[in-house]
file coords.pdb (PDB, C-alpha atoms and all ligand atoms)
MODEL        1
ATOM      1  CA  MET A   1     -13.011  90.796 -63.229
ATOM      2  CA  ASP A   2     -13.265  94.511 -63.371
ATOM      3  CA  ARG A   3     -15.768  94.924 -60.638
ATOM      4  CA  PRO A   4     -13.413  95.438 -57.688
ATOM      5  CA  LYS A   5     -16.185  96.256 -55.210
ATOM      6  CA  LEU A   6     -18.080  93.083 -56.062
ATOM      7  CA  TYR A   7     -14.876  91.029 -56.040
ATOM      8  CA  ILE A   8     -13.671  92.340 -52.682
ATOM      9  CA  ASN A   9     -16.856  91.025 -51.035
ATOM     10  CA  GLU A  10     -16.506  87.609 -52.637
ATOM     11  CA  ASN A  11     -12.860  86.708 -52.138
ATOM     12  CA  THR A  12     -12.797  84.893 -48.784
ATOM     13  CA  LEU A  13     -11.534  81.790 -50.575
ATOM     14  CA  GLN A  14      -8.683  83.737 -52.229
ATOM     15  CA  HIS A  15      -7.617  85.183 -48.841
ATOM     16  CA  GLU A  16      -7.601  81.682 -47.316
ATOM     17  CA  ILE A  17      -5.583  80.246 -50.187
ATOM     18  CA  ALA A  18      -2.981  83.039 -50.147
ATOM     19  CA  LEU A  19      -2.481  82.856 -46.390
ATOM     20  CA  GLU A  20      -2.203  79.053 -46.289
ATOM     21  CA  PHE A  21       0.190  79.071 -49.241
ATOM     22  CA  LEU A  22       2.413  81.813 -47.810
ATOM     23  CA  THR A  23       2.472  80.310 -44.323
ATOM     24  CA  LYS A  24       3.525  76.981 -45.759
ATOM     25  CA  ASN A  25       6.126  78.179 -48.275
ATOM     26  CA  LEU A  26       7.526  81.604 -47.454
ATOM     27  CA  LEU A  27      10.213  80.255 -45.128
ATOM     28  CA  GLU A  28      11.644  78.232 -48.020
ATOM     29  CA  LEU A  29      12.633  81.397 -49.906
ATOM     30  CA  LYS A  30      16.152  82.805 -49.639
ATOM     31  CA  TRP A  31      16.222  86.571 -49.104
ATOM     32  CA  LYS A  32      18.885  89.228 -49.596
ATOM     33  CA  LEU A  33      18.621  92.831 -48.443
ATOM     34  CA  ASN A  34      16.183  95.229 -50.130
ATOM     35  CA  GLU A  35      14.623  92.965 -52.707
ATOM     36  CA  ASN A  36      12.323  93.983 -55.557
ATOM     37  CA  VAL A  37       9.134  91.933 -55.507
ATOM     38  CA  LEU A  38       6.283  91.547 -58.011
ATOM     39  CA  ASP A  39       2.718  90.334 -57.382
ATOM     40  CA  ILE A  40       1.001  89.355 -60.654
ATOM     41  CA  GLY A  41      -2.788  89.666 -60.883
ATOM     42  CA  CYS A  42      -3.221  91.628 -57.659
ATOM     43  CA  GLY A  43      -6.923  92.382 -58.315
ATOM     44  CA  PRO A  44      -8.206  95.036 -55.882
ATOM     45  CA  GLY A  45      -4.971  94.858 -53.857
ATOM     46  CA  ASP A  46      -6.340  93.519 -50.576
ATOM     47  CA  VAL A  47      -4.475  90.189 -50.681
ATOM     48  CA  THR A  48      -1.254  92.026 -51.649
ATOM     49  CA  VAL A  49      -1.466  94.538 -48.818
ATOM     50  CA  LYS A  50      -3.153  92.490 -46.084
ATOM     51  CA  LYS A  51      -1.642  89.047 -46.653
ATOM     52  CA  LEU A  52       1.630  89.361 -48.601
ATOM     53  CA  LEU A  53       3.073  92.707 -47.486
ATOM     54  CA  PRO A  54       3.056  92.092 -43.695
ATOM     55  CA  LEU A  55       5.083  88.904 -44.198
ATOM     56  CA  ILE A  56       7.809  90.429 -46.385
ATOM     57  CA  GLN A  57       7.813  94.090 -45.348
ATOM     58  CA  ASP A  58      11.217  93.998 -43.626
ATOM     59  CA  LYS A  59      12.908  92.342 -46.634
ATOM     60  CA  ILE A  60      11.865  94.513 -49.539
ATOM     61  CA  ASN A  61      12.920  97.607 -51.381
ATOM     62  CA  LYS A  62       9.710  97.729 -53.396
ATOM     63  CA  LEU A  63       6.598  95.615 -53.958
ATOM     64  CA  ILE A  64       5.079  96.210 -57.380
ATOM     65  CA  ALA A  65       1.591  94.752 -57.735
ATOM     66  CA  VAL A  66       0.162  94.508 -61.244
ATOM     67  CA  ASP A  67      -3.129  93.633 -62.878
ATOM     68  CA  LYS A  68      -4.285  93.829 -66.471
ATOM     69  CA  CYS A  69      -7.587  95.353 -65.430
ATOM     70  CA  SER A  70      -7.385  99.137 -65.044
ATOM     71  CA  GLU A  71     -10.421  99.323 -62.713
ATOM     72  CA  MET A  72      -8.734  96.914 -60.284
ATOM     73  CA  VAL A  73      -5.512  98.944 -60.306
ATOM     74  CA  GLU A  74      -7.408 102.206 -59.831
ATOM     75  CA  PHE A  75      -9.326 100.727 -56.894
ATOM     76  CA  ALA A  76      -6.126  99.361 -55.313
ATOM     77  CA  ASN A  77      -4.408 102.746 -55.664
ATOM     78  CA  ASP A  78      -7.389 104.505 -54.062
ATOM     79  CA  CYS A  79      -7.760 102.059 -51.162
ATOM     80  CA  TYR A  80      -4.221 100.967 -50.339
ATOM     81  CA  ASN A  81      -1.938 103.938 -50.437
ATOM     82  CA  VAL A  82       1.095 102.437 -48.665
ATOM     83  CA  PRO A  83       4.657 103.625 -49.375
ATOM     84  CA  GLU A  84       6.144 100.170 -50.029
ATOM     85  CA  VAL A  85       3.589  99.158 -52.662
ATOM     86  CA  GLU A  86       3.072 100.457 -56.215
ATOM     87  CA  PHE A  87       0.038  99.283 -58.173
ATOM     88  CA  GLN A  88       0.414  99.286 -61.950
ATOM     89  CA  ILE A  89      -1.368  98.000 -65.043
ATOM     90  CA  MET A  90       0.380  95.052 -66.669
ATOM     91  CA  ASP A  91      -0.849  92.123 -68.747
ATOM     92  CA  ILE A  92       1.505  89.250 -67.979
ATOM     93  CA  GLN A  93       0.891  87.879 -71.473
ATOM     94  CA  ASP A  94       2.141  91.094 -73.080
ATOM     95  CA  SER A  95       5.898  90.647 -73.522
ATOM     96  CA  SER A  96       6.467  94.267 -74.559
ATOM     97  CA  THR A  97       5.234  95.604 -71.179
ATOM     98  CA  CYS A  98       7.188  92.971 -69.250
ATOM     99  CA  LEU A  99      10.341  93.998 -71.127
ATOM    100  CA  PHE A 100      10.491  97.177 -69.045
ATOM    101  CA  TYR A 101      11.269  95.025 -65.987
ATOM    102  CA  THR A 102      13.858  92.702 -67.545
ATOM    103  CA  GLU A 103      15.862  91.012 -64.741
ATOM    104  CA  TYR A 104      14.454  93.481 -62.194
ATOM    105  CA  PHE A 105      12.745  91.281 -59.604
ATOM    106  CA  ASN A 106      14.208  89.014 -56.923
ATOM    107  CA  LYS A 107      10.842  87.382 -56.162
ATOM    108  CA  ILE A 108       7.645  87.000 -58.132
ATOM    109  CA  PHE A 109       4.368  86.002 -56.463
ATOM    110  CA  SER A 110       1.001  85.342 -58.036
ATOM    111  CA  PHE A 111      -2.202  84.222 -56.322
ATOM    112  CA  MET A 112      -5.156  82.794 -58.224
ATOM    113  CA  CYS A 113      -4.527  84.638 -61.481
ATOM    114  CA  LEU A 114      -2.627  82.555 -63.995
ATOM    115  CA  HIS A 115      -5.525  80.177 -64.785
ATOM    116  CA  TRP A 116      -6.899  83.121 -66.808
ATOM    117  CA  ALA A 117      -3.913  83.048 -69.158
ATOM    118  CA  VAL A 118      -4.572  81.556 -72.573
ATOM    119  CA  ASP A 119      -0.868  80.967 -73.287
ATOM    120  CA  GLN A 120       0.964  79.467 -70.304
ATOM    121  CA  GLN A 121       4.295  79.214 -72.133
ATOM    122  CA  LYS A 122       4.287  82.944 -72.875
ATOM    123  CA  VAL A 123       3.418  83.681 -69.246
ATOM    124  CA  MET A 124       6.316  81.565 -68.006
ATOM    125  CA  ASN A 125       8.732  83.191 -70.482
ATOM    126  CA  ASN A 126       7.687  86.681 -69.359
ATOM    127  CA  ILE A 127       7.990  85.790 -65.672
ATOM    128  CA  TYR A 128      11.413  84.276 -66.321
ATOM    129  CA  SER A 129      12.636  87.351 -68.187
ATOM    130  CA  MET A 130      11.602  89.717 -65.360
ATOM    131  CA  LEU A 131      13.475  87.709 -62.713
ATOM    132  CA  LYS A 132      17.084  88.206 -61.729
ATOM    133  CA  SER A 133      19.324  85.180 -61.822
ATOM    134  CA  ASP A 134      18.632  83.081 -58.673
ATOM    135  CA  GLY A 135      15.250  84.825 -58.440
ATOM    136  CA  GLU A 136      12.368  82.761 -57.094
ATOM    137  CA  ILE A 137       8.676  82.383 -57.918
ATOM    138  CA  LEU A 138       5.885  81.373 -55.584
ATOM    139  CA  ILE A 139       2.629  81.039 -57.484
ATOM    140  CA  THR A 140      -0.818  79.492 -57.080
ATOM    141  CA  PHE A 141      -3.578  79.106 -59.627
ATOM    142  CA  LEU A 142      -6.467  76.801 -60.438
ATOM    143  CA  LYS A 143      -5.549  73.657 -62.314
ATOM    144  CA  TYR A 144      -8.653  73.979 -64.501
ATOM    145  CA  ASN A 145     -10.394  77.217 -65.300
ATOM    146  CA  PRO A 146     -14.057  76.107 -65.316
ATOM    147  CA  PHE A 147     -15.095  79.164 -67.326
ATOM    148  CA  PHE A 148     -13.022  78.205 -70.373
ATOM    149  CA  LYS A 149     -15.090  75.035 -70.938
ATOM    150  CA  ILE A 150     -18.294  77.036 -70.581
ATOM    151  CA  TYR A 151     -17.115  79.719 -73.021
ATOM    152  CA  GLU A 152     -16.367  77.022 -75.578
ATOM    153  CA  SER A 153     -19.805  75.497 -75.229
ATOM    154  CA  LEU A 154     -21.788  78.746 -75.563
ATOM    155  CA  ASP A 155     -23.880  79.169 -78.714
ATOM    156  CA  MET A 156     -23.332  81.688 -81.542
ATOM    157  CA  GLU A 157     -25.154  84.473 -79.718
ATOM    158  CA  PHE A 158     -22.318  84.555 -77.184
ATOM    159  CA  GLN A 159     -19.315  83.532 -79.269
ATOM    160  CA  LYS A 160     -18.573  87.019 -80.595
ATOM    161  CA  TYR A 161     -18.083  88.157 -76.980
ATOM    162  CA  VAL A 162     -16.077  85.082 -75.985
ATOM    163  CA  LYS A 163     -13.428  85.999 -78.591
ATOM    164  CA  ASN A 164     -12.411  89.000 -76.492
ATOM    165  CA  ILE A 165     -11.590  86.855 -73.476
ATOM    166  CA  MET A 166     -10.549  83.597 -75.071
ATOM    167  CA  PRO A 167      -9.326  84.205 -78.648
ATOM    168  CA  LYS A 168      -8.485  80.525 -79.127
ATOM    169  CA  PRO A 169      -9.406  77.289 -77.315
ATOM    170  CA  VAL A 170      -7.244  76.828 -74.245
ATOM    171  CA  PRO A 171      -5.804  73.332 -73.811
ATOM    172  CA  THR A 172      -6.160  71.760 -70.380
ATOM    173  CA  LEU A 173      -2.630  70.884 -69.330
ATOM    174  CA  SER A 174      -1.824  67.917 -67.146
ATOM    175  CA  SER A 175       0.518  68.489 -64.200
ATOM    176  CA  GLU A 176       3.295  66.795 -66.155
ATOM    177  CA  GLU A 177       2.795  69.113 -69.140
ATOM    178  CA  LEU A 178       2.738  72.128 -66.863
ATOM    179  CA  LYS A 179       5.956  71.055 -65.141
ATOM    180  CA  ALA A 180       7.569  70.550 -68.557
ATOM    181  CA  HIS A 181       6.539  74.091 -69.603
ATOM    182  CA  ILE A 182       8.121  75.530 -66.469
ATOM    183  CA  GLU A 183      11.316  73.528 -66.789
ATOM    184  CA  ASN A 184      11.613  74.244 -70.537
ATOM    185  CA  THR A 185      11.516  77.940 -69.699
ATOM    186  CA  GLY A 186      14.645  77.490 -67.588
ATOM    187  CA  PHE A 187      13.287  77.197 -64.054
ATOM    188  CA  LYS A 188      14.322  74.586 -61.551
ATOM    189  CA  ILE A 189      11.204  73.395 -59.770
ATOM    190  CA  ILE A 190      11.694  73.180 -56.011
ATOM    191  CA  LYS A 191       8.129  72.242 -55.183
ATOM    192  CA  PHE A 192       5.070  71.439 -57.309
ATOM    193  CA  GLU A 193       1.908  70.580 -55.420
ATOM    194  CA  GLU A 194      -1.686  69.843 -56.346
ATOM    195  CA  ILE A 195      -3.905  70.860 -53.462
ATOM    196  CA  THR A 196      -7.584  70.059 -53.080
ATOM    197  CA  LYS A 197      -9.592  72.748 -51.376
ATOM    198  CA  LEU A 198     -13.250  72.623 -50.399
ATOM    199  CA  PHE A 199     -15.260  75.802 -50.210
ATOM    200  CA  THR A 200     -18.892  76.083 -49.158
ATOM    201  CA  HIS A 201     -21.264  78.637 -50.615
ATOM    202  CA  LYS A 202     -24.307  79.152 -48.407
ATOM    203  CA  ASN A 203     -26.718  78.897 -51.343
ATOM    204  CA  THR A 204     -26.928  79.005 -55.134
ATOM    205  CA  SER A 205     -27.260  82.760 -55.247
ATOM    206  CA  ASP A 206     -24.116  83.161 -53.132
ATOM    207  CA  PHE A 207     -22.315  80.826 -55.545
ATOM    208  CA  LEU A 208     -23.524  82.777 -58.590
ATOM    209  CA  SER A 209     -22.389  86.073 -57.073
ATOM    210  CA  ALA A 210     -18.930  84.642 -56.446
ATOM    211  CA  MET A 211     -18.790  83.479 -60.079
ATOM    212  CA  LYS A 212     -19.997  86.881 -61.295
ATOM    213  CA  ALA A 213     -17.205  88.583 -59.354
ATOM    214  CA  VAL A 214     -14.528  86.750 -61.312
ATOM    215  CA  ASP A 215     -16.128  86.259 -64.729
ATOM    216  CA  ASN A 216     -15.177  88.911 -67.308
ATOM    217  CA  MET A 217     -18.081  87.933 -69.550
ATOM    218  CA  TYR A 218     -20.371  90.150 -67.481
ATOM    219  CA  HIS A 219     -18.256  93.150 -68.437
ATOM    220  CA  ILE A 220     -18.364  92.371 -72.126
ATOM    221  CA  LEU A 221     -21.937  91.109 -72.574
ATOM    222  CA  PRO A 222     -24.732  93.594 -73.154
ATOM    223  CA  LYS A 223     -26.988  93.879 -70.092
ATOM    224  CA  ASN A 224     -29.941  92.184 -71.844
ATOM    225  CA  LEU A 225     -27.930  88.937 -72.070
ATOM    226  CA  HIS A 226     -26.839  88.833 -68.416
ATOM    227  CA  GLU A 227     -29.827  86.910 -67.110
ATOM    228  CA  LYS A 228     -29.648  84.313 -69.869
ATOM    229  CA  TYR A 229     -25.903  83.938 -69.318
ATOM    230  CA  THR A 230     -26.372  83.533 -65.538
ATOM    231  CA  SER A 231     -28.873  80.743 -66.082
ATOM    232  CA  ILE A 232     -26.351  78.978 -68.372
ATOM    233  CA  ILE A 233     -23.681  79.347 -65.679
ATOM    234  CA  GLN A 234     -26.074  78.000 -63.070
ATOM    235  CA  LYS A 235     -27.052  74.981 -65.161
ATOM    236  CA  THR A 236     -23.650  74.045 -66.554
ATOM    237  CA  MET A 237     -21.464  74.862 -63.585
ATOM    238  CA  ILE A 238     -23.546  73.312 -60.867
ATOM    239  CA  LYS A 239     -24.125  70.218 -62.976
ATOM    240  CA  GLY A 240     -20.577  69.983 -64.289
ATOM    241  CA  TRP A 241     -18.601  70.979 -61.217
ATOM    242  CA  ASN A 242     -17.463  68.332 -58.884
ATOM    243  CA  PHE A 243     -19.567  69.593 -56.009
ATOM    244  CA  ILE A 244     -19.767  67.493 -52.926
ATOM    245  CA  GLU A 245     -23.046  68.364 -51.357
ATOM    246  CA  TYR A 246     -26.266  70.014 -52.410
ATOM    247  CA  SER A 247     -28.175  69.635 -49.205
ATOM    248  CA  THR A 248     -31.774  70.429 -48.362
ATOM    249  CA  VAL A 249     -30.670  73.782 -46.962
ATOM    250  CA  GLY A 250     -29.162  74.473 -50.379
ATOM    251  CA  LYS A 251     -25.476  74.717 -49.514
ATOM    252  CA  LEU A 252     -22.957  74.043 -52.271
ATOM    253  CA  THR A 253     -19.547  72.704 -51.374
ATOM    254  CA  LEU A 254     -17.191  72.916 -54.308
ATOM    255  CA  LYS A 255     -13.936  71.121 -54.814
ATOM    256  CA  TYR A 256     -11.125  73.253 -56.286
ATOM    257  CA  THR A 257      -7.807  71.828 -57.477
ATOM    258  CA  ILE A 258      -5.051  74.348 -56.938
ATOM    259  CA  ILE A 259      -1.525  74.190 -58.305
ATOM    260  CA  ALA A 260       1.166  75.602 -56.010
ATOM    261  CA  ILE A 261       4.673  76.129 -57.374
ATOM    262  CA  HIS A 262       7.998  77.216 -55.945
ATOM    263  CA  ALA A 263      10.753  77.473 -58.580
ATOM    264  CA  ILE A 264      14.125  79.183 -59.107
ATOM    265  CA  LYS A 265      15.657  80.846 -62.158
ATOM    266  CA  TYR A 266      19.065  79.490 -63.048
TER     267      TYR A 266
HETATM  268  C1  LIG B   1      -9.121  85.934 -58.939
HETATM  269  S1  LIG B   1      -8.312  87.498 -59.089
HETATM  270  C2  LIG B   1      -7.046  87.288 -57.882
HETATM  271  C3  LIG B   1      -6.701  88.591 -57.226
HETATM  272  C4  LIG B   1      -5.735  88.461 -56.049
HETATM  273  N1  LIG B   1      -4.434  87.956 -56.465
HETATM  274  C5  LIG B   1      -6.329  87.581 -54.975
HETATM  275  O1  LIG B   1      -5.715  86.544 -54.651
HETATM  276  O2  LIG B   1      -7.421  87.926 -54.468
HETATM  277  C6  LIG B   1      -7.395  87.351 -60.604
HETATM  278  C7  LIG B   1      -6.864  88.677 -61.109
HETATM  279  O3  LIG B   1      -5.955  88.380 -62.166
HETATM  280  C8  LIG B   1      -6.079  89.407 -63.137
HETATM  281  N2  LIG B   1      -5.556  88.895 -64.411
HETATM  282  C9  LIG B   1      -6.091  87.956 -65.223
HETATM  283  N3  LIG B   1      -5.315  87.760 -66.291
HETATM  284  C10 LIG B   1      -4.246  88.589 -66.151
HETATM  285  C11 LIG B   1      -3.089  88.848 -66.932
HETATM  286  N4  LIG B   1      -2.903  88.232 -68.115
HETATM  287  N5  LIG B   1      -2.175  89.744 -66.492
HETATM  288  C12 LIG B   1      -2.373  90.389 -65.308
HETATM  289  N6  LIG B   1      -3.464  90.193 -64.520
HETATM  290  C13 LIG B   1      -4.380  89.311 -64.933
HETATM  291  C14 LIG B   1      -7.558  89.719 -63.169
HETATM  292  O4  LIG B   1      -7.823  91.001 -63.737
HETATM  293  C15 LIG B   1      -7.912  89.620 -61.688
HETATM  294  O5  LIG B   1      -7.866  90.860 -61.059
ENDMDL
END
call {"tool": "encode", "arguments": {"input": "coords.pdb", "output": "structure tokens"}}
result
Amino acid sequence: MDRPKLYINENTLQHEIALEFLTKNLLELKWKLNENVLDIGCGPGDVTVKKLLPLIQDKINKLIAVDKCSEMVEFANDCYNVPEVEFQIMDIQDSSTCLFYTEYFNKIFSFMCLHWAVDQQKVMNNIYSMLKSDGEILITFLKYNPFFKIYESLDMEFQKYVKNIMPKPVPTLSSEELKAHIENTGFKIIKFEEITKLFTHKNTSDFLSAMKAVDNMYHILPKNLHEKYTSIIQKTMIKGWNFIEYSTVGKLTLKYTIIAIHAIKY
């Protein structure tokens, strides 16, 4: 996902999800004066600055927005130079980087990022360690990352590249298992929702561009394998995804299951 310019033209769904989620849940959070806030997986920074910041601006000391992809962080720094927000590189699975912010944040947000993590327990531990006591998290992510199944099914030609993104098979967790992970970390879950969201792509090529904008394989694969990989994505995703309609005009309406969590550190 290191093509910020491509991503920024393909993230209407992410904007919708963030706004709906914040509108529905932000009032549930308890604020003190001058809070430190983190946004994990900020991508090119547009959701952070256009959706999150306006809603919390009067409550914060600092909003730190992080992403593991340096190109995304560079783009965000170039495009959104606002005094309240600092964009930084951080991999939420890397405990040593997170250590720098031990018990620093009052609130941690994350929109549509954590389904890329291969180790959810590590992610939860790192988030927990960066929160102050009584700190709150408000996070959304996809219940299933459809790319992980595709990566697993790719033949040998692709497997050496897959290792860089998905070093080991990623188990698909049920909602109960996910809740247990979060509670075992030490959080008290206030709200755990599974939300179904429909999103229509105007045609197959529009769908493939949206997939390309979020799929890191395109960054890792040599150019001569891109076309072959795209045709695999087209075949396996469109066939395997629970799409609702593939009408004569070619529209694709996809069903996404999103997990939305509000929890508190005790
Ligand atoms: C789909 S984008 C979401 C961007 C933004 N939050 C939004 O809602 O538009 C997911 C982002 O998460 C980042 N990401 C994935 N795994 C990450 C990790 N382990 N640590 C930090 N960022 C990560 C990706 O680089 C990508 O920019």
call {"tool": "closest_atom_pairs", "arguments": {"input": "coords.pdb", "of": "chain A", "to": "ligand LIG 1 (chain B)", "cutoff": "6 Å", "atoms": "all atoms listed in the file", "output": "tab-separated table"}}
result
residue	atom	partner	partner_atom	distance
A:Met1	CA	B:LIG1	O4	5.2
A:Gln14	CA	B:LIG1	O1	4.7
A:Ile40	CA	B:LIG1	C12	5.8
A:Gly41	CA	B:LIG1	O3	3.7
A:Cys42	CA	B:LIG1	N1	4.0
A:Gly43	CA	B:LIG1	O5	3.3
A:Val47	CA	B:LIG1	O2	5.3
A:Asp67	CA	B:LIG1	N6	3.8
A:Lys68	CA	B:LIG1	C12	4.1
A:Cys69	CA	B:LIG1	O4	4.7
A:Met90	CA	B:LIG1	C12	5.6
A:Asp91	CA	B:LIG1	N5	3.5
A:Ile92	CA	B:LIG1	N5	4.0
A:Gln93	CA	B:LIG1	N4	5.1
A:Phe111	CA	B:LIG1	N1	4.4
A:Met112	CA	B:LIG1	C2	4.9
A:Cys113	CA	B:LIG1	C6	4.0
A:Trp116	CA	B:LIG1	N3	4.9
A:Ala117	CA	B:LIG1	N4	5.4
A:Val214	CA	B:LIG1	C1	6.0
call {"tool": "resolve_selection", "arguments": {"input": "coords.pdb", "expression": "the PyMOL selection byres (((chain A and resi 72-82) around 8) and not hetatm)", "output": "list in words"}}
result
Asp2, Arg3, Pro4, Gly43, Pro44, Gly45, Asp46, Val49, Val66, Asp67, Cys69, Ser70, Glu71, Pro83, Glu84, Val85, Glu86, Phe87, Gln88 and Ile89 of chain A
call {"tool": "write_last_selection", "arguments": {"input": "coords.pdb", "atoms": "C-alpha atoms", "output": "compact mmCIF listing (two decimals), in the coordinates of the input"}}
result
# COMPACT_ATOMS: atom_id res chain seq x y z
CA ASP A 2 -13.26 94.51 -63.37
CA ARG A 3 -15.77 94.92 -60.64
CA PRO A 4 -13.41 95.44 -57.69
CA GLY A 43 -6.92 92.38 -58.32
CA PRO A 44 -8.21 95.04 -55.88
CA GLY A 45 -4.97 94.86 -53.86
CA ASP A 46 -6.34 93.52 -50.58
CA VAL A 49 -1.47 94.54 -48.82
CA VAL A 66 0.16 94.51 -61.24
CA ASP A 67 -3.13 93.63 -62.88
CA CYS A 69 -7.59 95.35 -65.43
CA SER A 70 -7.38 99.14 -65.04
CA GLU A 71 -10.42 99.32 -62.71
CA PRO A 83 4.66 103.62 -49.38
CA GLU A 84 6.14 100.17 -50.03
CA VAL A 85 3.59 99.16 -52.66
CA GLU A 86 3.07 100.46 -56.22
CA PHE A 87 0.04 99.28 -58.17
CA GLN A 88 0.41 99.29 -61.95
CA ILE A 89 -1.37 98.00 -65.04
call {"tool": "closest_residue", "arguments": {"input": "coords.pdb", "among": "A:Lys265, A:Asn125, A:Asn36, A:Phe105", "to": "Thr185 in chain A", "atoms": "all atoms listed in the file"}}
result
A:Asn125
call {"tool": "closest_atom_pairs", "arguments": {"input": "coords.pdb", "of": "range 162-200 of chain A", "to": "range 144-156 of chain A", "cutoff": "10 Å", "atoms": "only C-alpha atoms", "output": "JSON lines"}}
result
{"residue": "A:Val162", "atom": "CA", "partner": "A:Tyr151", "partner_atom": "CA", "distance": 6.2}
{"residue": "A:Lys163", "atom": "CA", "partner": "A:Tyr151", "partner_atom": "CA", "distance": 9.2}
{"residue": "A:Ile165", "atom": "CA", "partner": "A:Tyr151", "partner_atom": "CA", "distance": 9.0}
{"residue": "A:Met166", "atom": "CA", "partner": "A:Phe148", "partner_atom": "CA", "distance": 7.6}
{"residue": "A:Lys168", "atom": "CA", "partner": "A:Glu152", "partner_atom": "CA", "distance": 9.3}
{"residue": "A:Pro169", "atom": "CA", "partner": "A:Glu152", "partner_atom": "CA", "distance": 7.2}
{"residue": "A:Val170", "atom": "CA", "partner": "A:Phe148", "partner_atom": "CA", "distance": 7.1}
{"residue": "A:Pro171", "atom": "CA", "partner": "A:Phe148", "partner_atom": "CA", "distance": 9.4}
{"residue": "A:Thr172", "atom": "CA", "partner": "A:Tyr144", "partner_atom": "CA", "distance": 6.8}
{"residue": "A:Leu173", "atom": "CA", "partner": "A:Tyr144", "partner_atom": "CA", "distance": 8.3}
{"residue": "A:Ser174", "atom": "CA", "partner": "A:Tyr144", "partner_atom": "CA", "distance": 9.5}
call {"tool": "resolve_selection", "arguments": {"input": "coords.pdb", "expression": "the PyMOL selection byres (((chain A and resi 32) around 9) and not hetatm)", "output": "list in words"}}
result
Lys30, Trp31, Leu33, Asn34, Glu35, Lys59, Ile60 and Asn106 of chain A
call {"tool": "closest_residue", "arguments": {"input": "coords.pdb", "among": "A:Lys122, A:His201, A:Lys51, A:Lys212", "to": "Lys5 in chain A", "atoms": "all atoms listed in the file"}}
result
A:Lys212
call {"tool": "atom_distance", "arguments": {"input": "coords.pdb", "atom1": "CA of Glu227 in chain A", "atom2": "CA of His15 in chain A"}}
result
28.8 Å
call {"tool": "resolve_selection", "arguments": {"input": "coords.pdb", "expression": "the PyMOL selection byres (((chain A and resi 263) around 6) and not hetatm)", "output": "count of residues only"}}
result
7
